[in-house]
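Text of the file final36.cif, holding mmCIF, C-alpha atoms:
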data_work
#
loop_
_atom_site.group_PDB
_atom_site.id
_atom_site.type_symbol
_atom_site.label_atom_id
_atom_site.label_comp_id
_atom_site.auth_asym_id
_atom_site.auth_seq_id
_atom_site.Cartn_x
_atom_site.Cartn_y
_atom_site.Cartn_z
ATOM 1 C CA MET A 1 50.588 -32.711 1.017
ATOM 2 C CA PRO A 2 52.202 -35.710 2.800
ATOM 3 C CA THR A 3 51.539 -39.180 1.432
ATOM 4 C CA PRO A 4 47.842 -39.761 2.230
ATOM 5 C CA LEU A 5 46.121 -43.005 3.253
ATOM 6 C CA ARG A 6 49.481 -44.427 4.302
ATOM 7 C CA ASN A 7 47.837 -47.197 6.341
ATOM 8 C CA HIS A 8 45.390 -48.250 3.618
ATOM 9 C CA LEU A 9 47.416 -49.924 0.878
ATOM 10 C CA ILE A 10 45.226 -51.873 -1.573
ATOM 11 C CA THR A 11 47.709 -52.791 -4.305
ATOM 12 C CA ARG A 12 51.299 -52.105 -5.335
ATOM 13 C CA SER A 13 52.204 -53.804 -8.589
ATOM 14 C CA ARG A 14 53.966 -53.497 -11.934
ATOM 15 C CA ASN A 15 50.894 -54.977 -13.612
ATOM 16 C CA PRO A 16 48.453 -52.182 -14.567
ATOM 17 C CA VAL A 17 45.537 -54.656 -14.592
ATOM 18 C CA ASP A 18 45.918 -54.967 -10.822
ATOM 19 C CA LEU A 19 45.435 -51.209 -10.508
ATOM 20 C CA LEU A 20 42.348 -51.154 -12.755
ATOM 21 C CA ASN A 21 40.707 -54.038 -10.892
ATOM 22 C CA ALA A 22 41.514 -52.512 -7.509
ATOM 23 C CA ALA A 23 40.052 -49.142 -8.536
ATOM 24 C CA THR A 24 36.804 -50.794 -9.645
ATOM 25 C CA CYS A 25 36.541 -52.625 -6.311
ATOM 26 C CA LEU A 26 37.365 -49.499 -4.283
ATOM 27 C CA PHE A 27 34.607 -47.479 -5.916
ATOM 28 C CA GLY A 28 32.042 -50.232 -5.449
ATOM 29 C CA GLY A 29 31.549 -51.039 -9.112
ATOM 30 C CA SER A 30 30.327 -47.490 -9.822
ATOM 31 C CA ILE A 31 33.029 -47.052 -12.494
ATOM 32 C CA ALA A 32 34.551 -49.036 -15.329
ATOM 33 C CA ALA A 33 38.219 -48.133 -15.791
ATOM 34 C CA SER A 34 39.942 -49.134 -19.034
ATOM 35 C CA PRO A 35 43.284 -48.200 -20.651
ATOM 36 C CA LEU A 36 43.215 -45.564 -23.391
ATOM 37 C CA ASP A 37 46.289 -46.965 -25.141
ATOM 38 C CA GLU A 38 48.507 -49.981 -24.674
ATOM 39 C CA LEU A 39 48.943 -51.172 -21.113
ATOM 40 C CA ARG A 40 52.045 -49.618 -19.592
ATOM 41 C CA GLY A 41 54.393 -51.196 -17.120
ATOM 42 C CA GLY A 42 55.980 -49.216 -14.336
ATOM 43 C CA ASP A 43 54.944 -48.759 -10.758
ATOM 44 C CA HIS A 44 51.212 -48.793 -10.035
ATOM 45 C CA GLU A 45 49.932 -48.162 -6.515
ATOM 46 C CA LEU A 46 46.517 -47.609 -4.984
ATOM 47 C CA ARG A 47 45.672 -46.785 -1.397
ATOM 48 C CA GLY A 48 42.044 -46.246 -0.456
ATOM 49 C CA VAL A 49 39.132 -46.227 1.948
ATOM 50 C CA ALA A 50 35.498 -46.919 1.059
ATOM 51 C CA ALA A 51 32.353 -46.224 3.068
ATOM 52 C CA HIS A 52 28.607 -46.249 2.413
ATOM 53 C CA ASP A 53 28.334 -43.018 0.442
ATOM 54 C CA PHE A 54 31.931 -42.119 -0.386
ATOM 55 C CA ALA A 55 35.307 -43.576 -1.259
ATOM 56 C CA VAL A 56 38.715 -41.997 -1.653
ATOM 57 C CA GLY A 57 41.761 -43.396 -3.410
ATOM 58 C CA TYR A 58 45.395 -42.322 -3.727
ATOM 59 C CA PHE A 59 46.796 -43.307 -7.132
ATOM 60 C CA VAL A 60 50.399 -43.550 -8.327
ATOM 61 C CA SER A 61 50.528 -44.615 -11.981
ATOM 62 C CA PRO A 62 51.650 -43.509 -15.463
ATOM 63 C CA LEU A 63 48.624 -45.236 -17.050
ATOM 64 C CA ASP A 64 46.282 -43.378 -19.437
ATOM 65 C CA VAL A 65 42.725 -44.405 -18.532
ATOM 66 C CA ARG A 66 39.102 -43.883 -19.447
ATOM 67 C CA VAL A 67 36.779 -43.817 -16.433
ATOM 68 C CA ALA A 68 33.118 -44.410 -17.288
ATOM 69 C CA PRO A 69 30.044 -44.876 -15.049
ATOM 70 C CA ALA A 70 29.038 -48.505 -14.589
ATOM 71 C CA GLY A 71 26.241 -49.773 -12.370
ATOM 72 C CA GLY A 72 26.365 -46.850 -9.942
ATOM 73 C CA GLY A 73 22.700 -47.134 -8.988
ATOM 74 C CA ASN A 74 19.823 -44.809 -9.775
ATOM 75 C CA HIS A 75 21.504 -41.698 -8.480
ATOM 76 C CA GLY A 76 25.152 -42.222 -9.499
ATOM 77 C CA SER A 77 28.232 -40.553 -8.064
ATOM 78 C CA TYR A 78 30.355 -37.442 -8.335
ATOM 79 C CA PHE A 79 34.133 -37.768 -8.667
ATOM 80 C CA VAL A 80 36.681 -35.161 -7.613
ATOM 81 C CA ASN A 81 40.274 -35.645 -8.827
ATOM 82 C CA VAL A 82 42.976 -33.675 -7.004
ATOM 83 C CA GLY A 83 46.662 -33.657 -7.951
ATOM 84 C CA VAL A 84 49.302 -34.415 -5.333
ATOM 85 C CA SER A 85 52.329 -34.202 -7.641
ATOM 86 C CA GLY A 86 52.865 -34.160 -11.384
ATOM 87 C CA ALA A 87 49.982 -33.280 -13.712
ATOM 88 C CA ILE A 88 47.186 -34.969 -15.660
ATOM 89 C CA SER A 89 45.564 -33.931 -18.930
ATOM 90 C CA ALA A 90 41.867 -34.562 -18.231
ATOM 91 C CA LEU A 91 38.903 -34.622 -20.591
ATOM 92 C CA ARG A 92 35.207 -34.563 -19.562
ATOM 93 C CA GLY A 93 32.884 -34.455 -22.522
ATOM 94 C CA GLY A 94 34.210 -31.622 -24.655
ATOM 95 C CA LEU A 95 35.938 -29.919 -21.705
ATOM 96 C CA ARG A 96 39.665 -30.239 -21.095
ATOM 97 C CA ALA A 97 41.760 -29.218 -18.078
ATOM 98 C CA THR A 98 45.216 -29.862 -16.665
ATOM 99 C CA LEU A 99 44.844 -31.256 -13.153
ATOM 100 C CA ASP A 100 47.649 -30.579 -10.687
ATOM 101 C CA GLU A 101 48.116 -29.242 -7.167
ATOM 102 C CA ALA A 102 46.316 -26.006 -8.103
ATOM 103 C CA THR A 103 43.466 -27.365 -10.243
ATOM 104 C CA ALA A 104 41.056 -30.211 -9.505
ATOM 105 C CA GLY A 105 38.497 -31.781 -11.817
ATOM 106 C CA ILE A 106 34.876 -32.705 -11.056
ATOM 107 C CA ALA A 107 32.917 -35.346 -12.946
ATOM 108 C CA ASN A 108 29.135 -35.455 -12.550
ATOM 109 C CA PRO A 109 26.938 -38.586 -12.503
ATOM 110 C CA GLY A 110 26.929 -40.103 -15.985
ATOM 111 C CA ASP A 111 30.136 -38.351 -17.104
ATOM 112 C CA THR A 112 33.004 -40.222 -18.744
ATOM 113 C CA GLN A 113 36.534 -39.000 -18.058
ATOM 114 C CA GLU A 114 39.842 -39.499 -19.842
ATOM 115 C CA LEU A 115 42.930 -39.068 -17.658
ATOM 116 C CA ARG A 116 46.433 -38.903 -19.175
ATOM 117 C CA PRO A 117 49.408 -38.301 -16.829
ATOM 118 C CA LEU A 118 51.833 -35.804 -18.339
ATOM 119 C CA PRO A 119 55.522 -36.730 -18.619
ATOM 120 C CA GLY A 120 57.863 -35.298 -16.056
ATOM 121 C CA ARG A 121 57.355 -35.637 -12.320
ATOM 122 C CA ARG A 122 55.896 -38.836 -10.909
ATOM 123 C CA THR A 123 52.130 -38.455 -11.150
ATOM 124 C CA ARG A 124 50.189 -38.920 -7.925
ATOM 125 C CA PHE A 125 46.568 -37.882 -7.426
ATOM 126 C CA LEU A 126 43.521 -38.380 -5.236
ATOM 127 C CA GLY A 127 40.157 -39.581 -6.507
ATOM 128 C CA LEU A 128 37.130 -38.918 -4.287
ATOM 129 C CA ARG A 129 33.745 -40.531 -4.983
ATOM 130 C CA ILE A 130 30.671 -38.853 -3.433
ATOM 131 C CA ASP A 131 27.217 -40.371 -3.679
ATOM 132 C CA ALA A 132 24.812 -38.068 -5.526
ATOM 133 C CA ALA A 133 22.166 -38.453 -2.813
ATOM 134 C CA LEU A 134 24.567 -36.875 -0.308
ATOM 135 C CA VAL A 135 25.172 -33.890 -2.606
ATOM 136 C CA HIS A 136 21.414 -33.390 -2.963
ATOM 137 C CA GLN A 137 20.909 -33.664 0.804
ATOM 138 C CA GLU A 138 23.505 -30.969 1.467
ATOM 139 C CA PHE A 139 21.955 -28.806 -1.245
ATOM 140 C CA ALA A 140 18.601 -29.141 0.554
ATOM 141 C CA ALA A 141 20.253 -28.216 3.859
ATOM 142 C CA LEU A 142 21.528 -24.987 2.271
ATOM 143 C CA THR A 143 18.377 -23.983 0.383
ATOM 144 C CA GLY A 144 15.489 -25.662 2.210
ATOM 145 C CA HIS A 145 14.571 -27.762 -0.839
ATOM 146 C CA LEU A 146 15.938 -30.531 -3.020
ATOM 147 C CA PRO A 147 17.233 -29.545 -6.475
ATOM 148 C CA VAL A 148 14.550 -29.865 -9.142
ATOM 149 C CA SER A 149 17.142 -31.578 -11.369
ATOM 150 C CA ALA A 150 20.580 -33.077 -10.877
ATOM 151 C CA VAL A 151 23.326 -30.701 -9.723
ATOM 152 C CA ARG A 152 25.977 -30.499 -12.452
ATOM 153 C CA PHE A 153 29.293 -28.895 -11.496
ATOM 154 C CA ASP A 154 31.635 -27.030 -13.813
ATOM 155 C CA PHE A 155 34.674 -29.152 -14.640
ATOM 156 C CA ALA A 156 37.821 -27.329 -13.461
ATOM 157 C CA LEU A 157 37.994 -26.330 -9.774
ATOM 158 C CA ASP A 158 40.572 -23.657 -8.906
ATOM 159 C CA LEU A 159 42.240 -24.766 -5.660
ATOM 160 C CA ALA A 160 44.481 -21.685 -5.558
ATOM 161 C CA ASN A 161 41.756 -19.108 -4.874
ATOM 162 C CA SER A 162 40.249 -18.585 -1.428
ATOM 163 C CA LYS A 163 37.178 -20.771 -2.017
ATOM 164 C CA GLY A 164 39.191 -23.592 -3.548
ATOM 165 C CA GLN A 165 41.648 -23.481 -0.649
ATOM 166 C CA VAL A 166 38.748 -24.205 1.711
ATOM 167 C CA VAL A 167 37.835 -27.291 -0.326
ATOM 168 C CA ARG A 168 41.442 -28.481 -0.276
ATOM 169 C CA LEU A 169 41.745 -27.860 3.477
ATOM 170 C CA LEU A 170 38.598 -29.882 4.200
ATOM 171 C CA LEU A 171 39.805 -32.724 1.967
ATOM 172 C CA CYS A 172 43.146 -32.797 3.813
ATOM 173 C CA SER A 173 41.259 -32.845 7.114
ATOM 174 C CA LEU A 174 39.188 -35.821 5.945
ATOM 175 C CA LEU A 175 42.360 -37.659 4.954
ATOM 176 C CA GLU A 176 43.888 -36.973 8.363
ATOM 177 C CA LEU A 177 40.816 -38.494 10.012
ATOM 178 C CA LEU A 178 41.125 -41.592 7.837
ATOM 179 C CA ASP A 179 44.857 -41.898 8.566
ATOM 180 C CA SER A 180 44.539 -41.434 12.316
ATOM 181 C CA GLN A 181 44.938 -44.488 14.537
ATOM 182 C CA ASP A 182 42.820 -42.885 17.285
ATOM 183 C CA PRO A 183 39.587 -44.928 17.664
ATOM 184 C CA LEU A 184 37.640 -41.684 18.071
ATOM 185 C CA PHE A 185 38.630 -40.541 14.583
ATOM 186 C CA GLN A 186 37.698 -43.927 13.140
ATOM 187 C CA ARG A 187 34.060 -43.402 14.017
ATOM 188 C CA VAL A 188 31.898 -43.253 10.896
ATOM 189 C CA GLU A 189 29.906 -40.344 12.327
ATOM 190 C CA LEU A 190 32.978 -38.086 12.448
ATOM 191 C CA GLN A 191 34.139 -39.084 8.986
ATOM 192 C CA ARG A 192 30.718 -38.487 7.476
ATOM 193 C CA SER A 193 30.417 -35.124 9.246
ATOM 194 C CA GLN A 194 33.735 -34.066 7.695
ATOM 195 C CA LEU A 195 32.555 -35.288 4.285
ATOM 196 C CA ARG A 196 29.338 -33.280 4.600
ATOM 197 C CA CYS A 197 31.387 -30.130 5.286
ATOM 198 C CA LEU A 198 33.441 -30.869 2.190
ATOM 199 C CA VAL A 199 30.307 -31.309 0.043
ATOM 200 C CA THR A 200 28.867 -28.051 1.374
ATOM 201 C CA ALA A 201 32.107 -26.265 0.476
ATOM 202 C CA LEU A 202 31.958 -27.708 -3.056
ATOM 203 C CA LEU A 203 28.387 -26.480 -3.501
ATOM 204 C CA LEU A 204 29.345 -22.982 -2.349
ATOM 205 C CA ALA A 205 32.768 -22.745 -4.010
ATOM 206 C CA GLN A 206 32.304 -24.333 -7.445
ATOM 207 C CA PRO A 207 29.801 -23.029 -10.044
ATOM 208 C CA HIS A 208 27.101 -25.541 -10.944
ATOM 209 C CA SER A 209 23.687 -25.794 -12.551
ATOM 210 C CA HIS A 210 21.893 -24.584 -9.379
ATOM 211 C CA THR A 211 24.340 -21.952 -8.143
ATOM 212 C CA GLY A 212 21.604 -19.301 -8.429
ATOM 213 C CA ASP A 213 19.546 -21.085 -5.755
ATOM 214 C CA LEU A 214 22.359 -20.513 -3.229
ATOM 215 C CA ARG A 215 22.801 -16.769 -3.720
ATOM 216 C CA ASP A 216 20.042 -15.743 -1.329
ATOM 217 C CA GLY A 217 21.271 -17.957 1.507
ATOM 218 C CA PRO A 218 19.203 -20.434 3.553
ATOM 219 C CA GLN A 219 15.465 -20.452 3.079
ATOM 220 C CA LEU A 220 12.646 -21.776 5.209
ATOM 221 C CA ALA A 221 12.415 -25.548 5.311
ATOM 222 C CA PHE A 222 9.805 -27.260 3.198
ATOM 223 C CA PRO A 223 6.335 -27.537 4.745
ATOM 224 C CA ARG A 224 5.343 -31.024 5.904
ATOM 225 C CA ALA A 225 2.960 -31.599 2.977
ATOM 226 C CA LEU A 226 5.654 -30.825 0.421
ATOM 227 C CA ARG A 227 8.195 -33.060 2.155
ATOM 228 C CA ALA A 228 5.645 -35.900 2.146
ATOM 229 C CA ALA A 229 4.907 -35.319 -1.536
ATOM 230 C CA LEU A 230 8.596 -35.390 -2.498
ATOM 231 C CA ALA A 231 9.176 -38.550 -0.486
ATOM 232 C CA PHE A 232 6.190 -40.232 -2.177
ATOM 233 C CA ILE A 233 7.434 -39.255 -5.633
ATOM 234 C CA GLU A 234 10.938 -40.544 -4.898
ATOM 235 C CA ALA A 235 9.598 -43.878 -3.616
ATOM 236 C CA ASN A 236 7.166 -44.398 -6.501
ATOM 237 C CA LEU A 237 8.935 -42.776 -9.441
ATOM 238 C CA ALA A 238 8.951 -45.992 -11.473
ATOM 239 C CA GLU A 239 5.181 -46.412 -11.072
ATOM 240 C CA ARG A 240 2.214 -44.599 -12.612
ATOM 241 C CA ILE A 241 1.786 -41.435 -10.522
ATOM 242 C CA SER A 242 -1.148 -39.024 -10.745
ATOM 243 C CA LEU A 243 -1.666 -35.623 -9.149
ATOM 244 C CA GLY A 244 -4.354 -37.201 -6.978
ATOM 245 C CA ASP A 245 -1.933 -39.870 -5.744
ATOM 246 C CA ILE A 246 0.616 -37.253 -4.715
ATOM 247 C CA ALA A 247 -1.999 -35.055 -3.031
ATOM 248 C CA LYS A 248 -3.339 -38.022 -1.067
ATOM 249 C CA ALA A 249 0.163 -38.898 0.166
ATOM 250 C CA ALA A 250 0.728 -35.244 1.124
ATOM 251 C CA GLY A 251 -2.592 -35.010 2.960
ATOM 252 C CA CYS A 252 -3.893 -31.989 1.058
ATOM 253 C CA SER A 253 -5.998 -31.140 -1.975
ATOM 254 C CA PRO A 254 -4.513 -31.231 -5.501
ATOM 255 C CA ARG A 255 -5.051 -27.480 -5.783
ATOM 256 C CA THR A 256 -3.180 -26.760 -2.553
ATOM 257 C CA LEU A 257 -0.390 -29.122 -3.559
ATOM 258 C CA SER A 258 -0.006 -27.480 -6.978
ATOM 259 C CA SER A 259 0.136 -24.044 -5.395
ATOM 260 C CA THR A 260 2.810 -25.199 -2.927
ATOM 261 C CA PHE A 261 4.938 -26.759 -5.658
ATOM 262 C CA ARG A 262 4.777 -23.627 -7.798
ATOM 263 C CA SER A 263 5.586 -21.275 -4.932
ATOM 264 C CA ARG A 264 8.473 -23.359 -3.523
ATOM 265 C CA LEU A 265 9.876 -25.181 -6.558
ATOM 266 C CA GLY A 266 8.676 -23.047 -9.465
ATOM 267 C CA LEU A 267 6.915 -25.849 -11.345
ATOM 268 C CA SER A 268 3.880 -28.112 -11.091
ATOM 269 C CA PRO A 269 3.924 -31.501 -9.304
ATOM 270 C CA MET A 270 3.667 -33.427 -12.560
ATOM 271 C CA SER A 271 6.434 -31.361 -14.154
ATOM 272 C CA TYR A 272 8.611 -32.226 -11.170
ATOM 273 C CA VAL A 273 7.809 -35.928 -11.672
ATOM 274 C CA ARG A 274 8.615 -35.691 -15.389
ATOM 275 C CA ASN A 275 11.927 -33.894 -14.861
ATOM 276 C CA LEU A 276 13.068 -36.267 -12.135
ATOM 277 C CA ARG A 277 12.104 -39.291 -14.232
ATOM 278 C CA LEU A 278 14.014 -37.923 -17.243
ATOM 279 C CA ASP A 279 17.092 -37.302 -15.075
ATOM 280 C CA ARG A 280 17.019 -40.889 -13.789
ATOM 281 C CA ILE A 281 16.572 -42.256 -17.315
ATOM 282 C CA ARG A 282 19.510 -40.217 -18.618
ATOM 283 C CA GLU A 283 21.742 -41.471 -15.793
ATOM 284 C CA ASP A 284 20.783 -45.079 -16.576
ATOM 285 C CA ILE A 285 21.309 -44.650 -20.330
ATOM 286 C CA LEU A 286 24.858 -43.434 -19.673
ATOM 287 C CA ALA A 287 25.569 -46.097 -17.049
ATOM 288 C CA SER A 288 24.287 -49.256 -18.771
ATOM 289 C CA THR A 289 24.006 -50.972 -22.145
ATOM 290 C CA ASP A 290 20.273 -51.672 -21.842
ATOM 291 C CA PRO A 291 18.089 -50.476 -24.735
ATOM 292 C CA VAL A 292 16.648 -46.987 -24.294
ATOM 293 C CA GLY A 293 13.092 -48.340 -24.445
ATOM 294 C CA THR A 294 13.790 -50.849 -21.675
ATOM 295 C CA ILE A 295 15.215 -48.120 -19.439
ATOM 296 C CA ALA A 296 12.295 -45.783 -20.136
ATOM 297 C CA TYR A 297 9.728 -48.469 -19.299
ATOM 298 C CA ARG A 298 11.654 -49.261 -16.130
ATOM 299 C CA TRP A 299 11.070 -45.687 -14.966
ATOM 300 C CA GLY A 300 7.349 -45.648 -15.693
ATOM 301 C CA VAL A 301 7.345 -44.217 -19.231
ATOM 302 C CA TRP A 302 4.566 -45.675 -21.351
ATOM 303 C CA HIS A 303 4.561 -43.444 -24.472
ATOM 304 C CA LEU A 304 8.012 -43.581 -26.102
ATOM 305 C CA GLY A 305 7.183 -41.028 -28.793
ATOM 306 C CA ARG A 306 6.156 -38.376 -26.273
ATOM 307 C CA PHE A 307 9.102 -39.365 -24.073
ATOM 308 C CA ALA A 308 11.617 -38.718 -26.877
ATOM 309 C CA GLY A 309 10.249 -35.208 -27.397
ATOM 310 C CA GLU A 310 10.315 -34.389 -23.683
ATOM 311 C CA TYR A 311 13.843 -35.775 -23.407
ATOM 312 C CA ARG A 312 15.074 -33.605 -26.285
ATOM 313 C CA ALA A 313 13.391 -30.533 -24.792
ATOM 314 C CA ARG A 314 15.183 -31.095 -21.484
ATOM 315 C CA PHE A 315 18.638 -32.187 -22.663
ATOM 316 C CA ALA A 316 18.857 -30.760 -26.210
ATOM 317 C CA GLU A 317 19.444 -34.218 -27.678
ATOM 318 C CA LEU A 318 17.498 -37.396 -28.347
ATOM 319 C CA PRO A 319 17.854 -40.443 -26.050
ATOM 320 C CA SER A 320 19.552 -42.272 -28.928
ATOM 321 C CA ASP A 321 22.192 -39.510 -29.078
ATOM 322 C CA THR A 322 22.926 -39.993 -25.372
ATOM 323 C CA ALA A 323 23.144 -43.771 -25.830
ATOM 324 C CA ALA A 324 25.615 -43.361 -28.700
ATOM 325 C CA ARG A 325 28.137 -41.713 -26.311
ATOM 326 C CA ARG A 326 28.229 -44.677 -23.907
#

Output the structure of this file as structure tokens.
Amino acid sequence: MPTPLRNHLITRSRNPVDLLNAATCLFGGSIAASPLDELRGGDHELRGVAAHDFAVGYFVSPLDVRVAPAGGGNHGSYFVNVGVSGAISALRGGLRATLDEATAGIANPGDTQELRPLPGRRTRFLGLRIDAALVHQEFAALTGHLPVSAVRFDFALDLANSKGQVVRLLLCSLLELLDSQDPLFQRVELQRSQLRCLVTALLLAQPHSHTGDLRDGPQLAFPRALRAALAFIEANLAERISLGDIAKAAGCSPRTLSSTFRSRLGLSPMSYVRNLRLDRIREDILASTDPVGTIAYRWGVWHLGRFAGEYRARFAELPSDTAARR
């Protein structure tokens, strides 16, 4: 792969702090990057481009870093790290992988990563941020419905097999668009279209928590009432929501709405509300230092005892356990 983002230099410095600050700015404050060990000298370079729902950076650095979510909004971001040369020992939760030209790594919203360049060749890699809302939109385009919970990708992505090669090809194509001096290729519409193709390829190529929903191919789009109900829930998730409120927004009876939810999503309207609320709370617990109770109240939870039980049933740990990993 030729040197990407050649016209988009952000920093070139022997001070690693310049690199860390530049990375935080590039990714819109959605991450907090900190050194794992003592700050190292050497050459540190970052080239990058940021847009509304994605950002991509080209890093040259020997620095060992921890990358944690920080203020990424309610939905958070996915990060895809792709080696250009050299190799990186990467850790996500309890999962470890060596990232190089044949293996990429994917971090989900709320994940913390540790990246340690391995000695040897000069380490260069690409970091791609993708807004979670865009991933969910492309999932809906493939299946006809939004995911009932956050899509969580497996960590290591094999770029050497046929599916992974498609992902790599689409990433290279996106970089070529960003590097082109042709005004046509600088149009946001073309760049976002290329990014959407890349996200679709990720959803189809890399195993994730909703891979089973994609096996049967595209399904019929959601009926109007269900789309209206989902939009109402999304807009009012932090408020008290009743079945009657959702049915009124959808323009149908509670019974009809419940039947539609069960047939299309496999769960009741209020279960959907609960799961989505728990997902948002978990993302905020991992992304901020606010007390768990404050975050829960922010998302419309009024009974903390019941909330703790529901949280443990969904994520196999208590909210306090999640907070302890921040």

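Shortest separation to Thr24 (chain A) among A:Glu38, A:Pro4, A:Val67, A:Leu170 occurs at residue A:Val67, atoms counted being only C-alpha atoms.
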
Check: Is there a way to get, as a count of residues only, all residues within 9 Å of the point (38.1, -36.4, -1.5) in file coordinates, counting only C-alpha atoms?
Finding: 21

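Applied to the file shown here, the PyMOL selection byres ((chain A and resi 323) around 12) selects the residues Gly110, Ile281, Arg282, Glu283, Asp284, Ile285, Leu286, Ala287, Ser288, Thr289, Asp290, Pro291, Val292, Gly293, Ile295, Glu317, Leu318, Pro319, Ser320, Asp321, Thr322, Ala324, Arg325 and Arg326 of chain A.
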
Next item on the list: Go through A:Arg121, A:Pro207, A:Asp279, A:Ser253 one by one, measure the shortest atom-to-atom distance of each to Gly76 (chain A) using all atoms listed in the file, and give the residue with the smallest value.
Entry: A:Asp279

Notebook entry, point to check: What is the distance, in Å and to one decimal place, between CA of Val273 (chain A) and CA of Ala141 (chain A)?
Noted result: 21.3 Å

Quick one: residues within 9 Å of Asp53 (chain A), all atoms listed in the file counted, chain neighbours fewer than 2 positions away excluded, as a PDB file with C-alpha atoms, in the coordinates of the input?
ATOM      1  CA  ALA A  50      35.498 -46.919   1.059  1.00  0.00           C
ATOM      2  CA  ALA A  51      32.353 -46.224   3.068  1.00  0.00           C
ATOM      3  CA  ALA A  55      35.307 -43.576  -1.259  1.00  0.00           C
ATOM      4  CA  SER A  77      28.232 -40.553  -8.064  1.00  0.00           C
ATOM      5  CA  ARG A 129      33.745 -40.531  -4.983  1.00  0.00           C
ATOM      6  CA  ILE A 130      30.671 -38.853  -3.433  1.00  0.00           C
ATOM      7  CA  ASP A 131      27.217 -40.371  -3.679  1.00  0.00           C
ATOM      8  CA  ALA A 132      24.812 -38.068  -5.526  1.00  0.00           C
ATOM      9  CA  ALA A 133      22.166 -38.453  -2.813  1.00  0.00           C
ATOM     10  CA  LEU A 134      24.567 -36.875  -0.308  1.00  0.00           C
ATOM     11  CA  ARG A 192      30.718 -38.487   7.476  1.00  0.00           C
TER      12      ARG A 192
END

Rebuild all heavy atoms on region 103-107 of chain A, as a PDB file, keeping the file's coordinate frame?
ATOM      1  N   THR A 103      44.727 -27.205  -9.508  1.00  0.00           N
ATOM      2  CA  THR A 103      43.466 -27.365 -10.243  1.00  0.00           C
ATOM      3  C   THR A 103      42.952 -28.790 -10.086  1.00  0.00           C
ATOM      4  O   THR A 103      43.669 -29.750 -10.407  1.00  0.00           O
ATOM      5  CB  THR A 103      43.650 -27.070 -11.742  1.00  0.00           C
ATOM      6  OG1 THR A 103      44.209 -25.760 -11.903  1.00  0.00           O
ATOM      7  CG2 THR A 103      42.316 -27.147 -12.472  1.00  0.00           C
ATOM      8  N   ALA A 104      41.723 -28.919  -9.618  1.00  0.00           N
ATOM      9  CA  ALA A 104      41.056 -30.211  -9.505  1.00  0.00           C
ATOM     10  C   ALA A 104      40.020 -30.340 -10.610  1.00  0.00           C
ATOM     11  O   ALA A 104      39.673 -29.356 -11.271  1.00  0.00           O
ATOM     12  CB  ALA A 104      40.381 -30.349  -8.132  1.00  0.00           C
ATOM     13  N   GLY A 105      39.529 -31.544 -10.819  1.00  0.00           N
ATOM     14  CA  GLY A 105      38.497 -31.781 -11.817  1.00  0.00           C
ATOM     15  C   GLY A 105      37.306 -32.485 -11.188  1.00  0.00           C
ATOM     16  O   GLY A 105      37.475 -33.355 -10.330  1.00  0.00           O
ATOM     17  N   ILE A 106      36.098 -32.099 -11.600  1.00  0.00           N
ATOM     18  CA  ILE A 106      34.876 -32.705 -11.056  1.00  0.00           C
ATOM     19  C   ILE A 106      34.103 -33.355 -12.195  1.00  0.00           C
ATOM     20  O   ILE A 106      33.805 -32.722 -13.207  1.00  0.00           O
ATOM     21  CB  ILE A 106      33.991 -31.648 -10.363  1.00  0.00           C
ATOM     22  CG1 ILE A 106      34.762 -30.944  -9.242  1.00  0.00           C
ATOM     23  CG2 ILE A 106      32.729 -32.303  -9.796  1.00  0.00           C
ATOM     24  CD1 ILE A 106      33.961 -29.870  -8.530  1.00  0.00           C
ATOM     25  N   ALA A 107      33.766 -34.617 -12.009  1.00  0.00           N
ATOM     26  CA  ALA A 107      32.917 -35.346 -12.946  1.00  0.00           C
ATOM     27  C   ALA A 107      31.561 -35.566 -12.302  1.00  0.00           C
ATOM     28  O   ALA A 107      31.466 -35.945 -11.128  1.00  0.00           O
ATOM     29  CB  ALA A 107      33.544 -36.692 -13.310  1.00  0.00           C
TER      30      ALA A 107
END
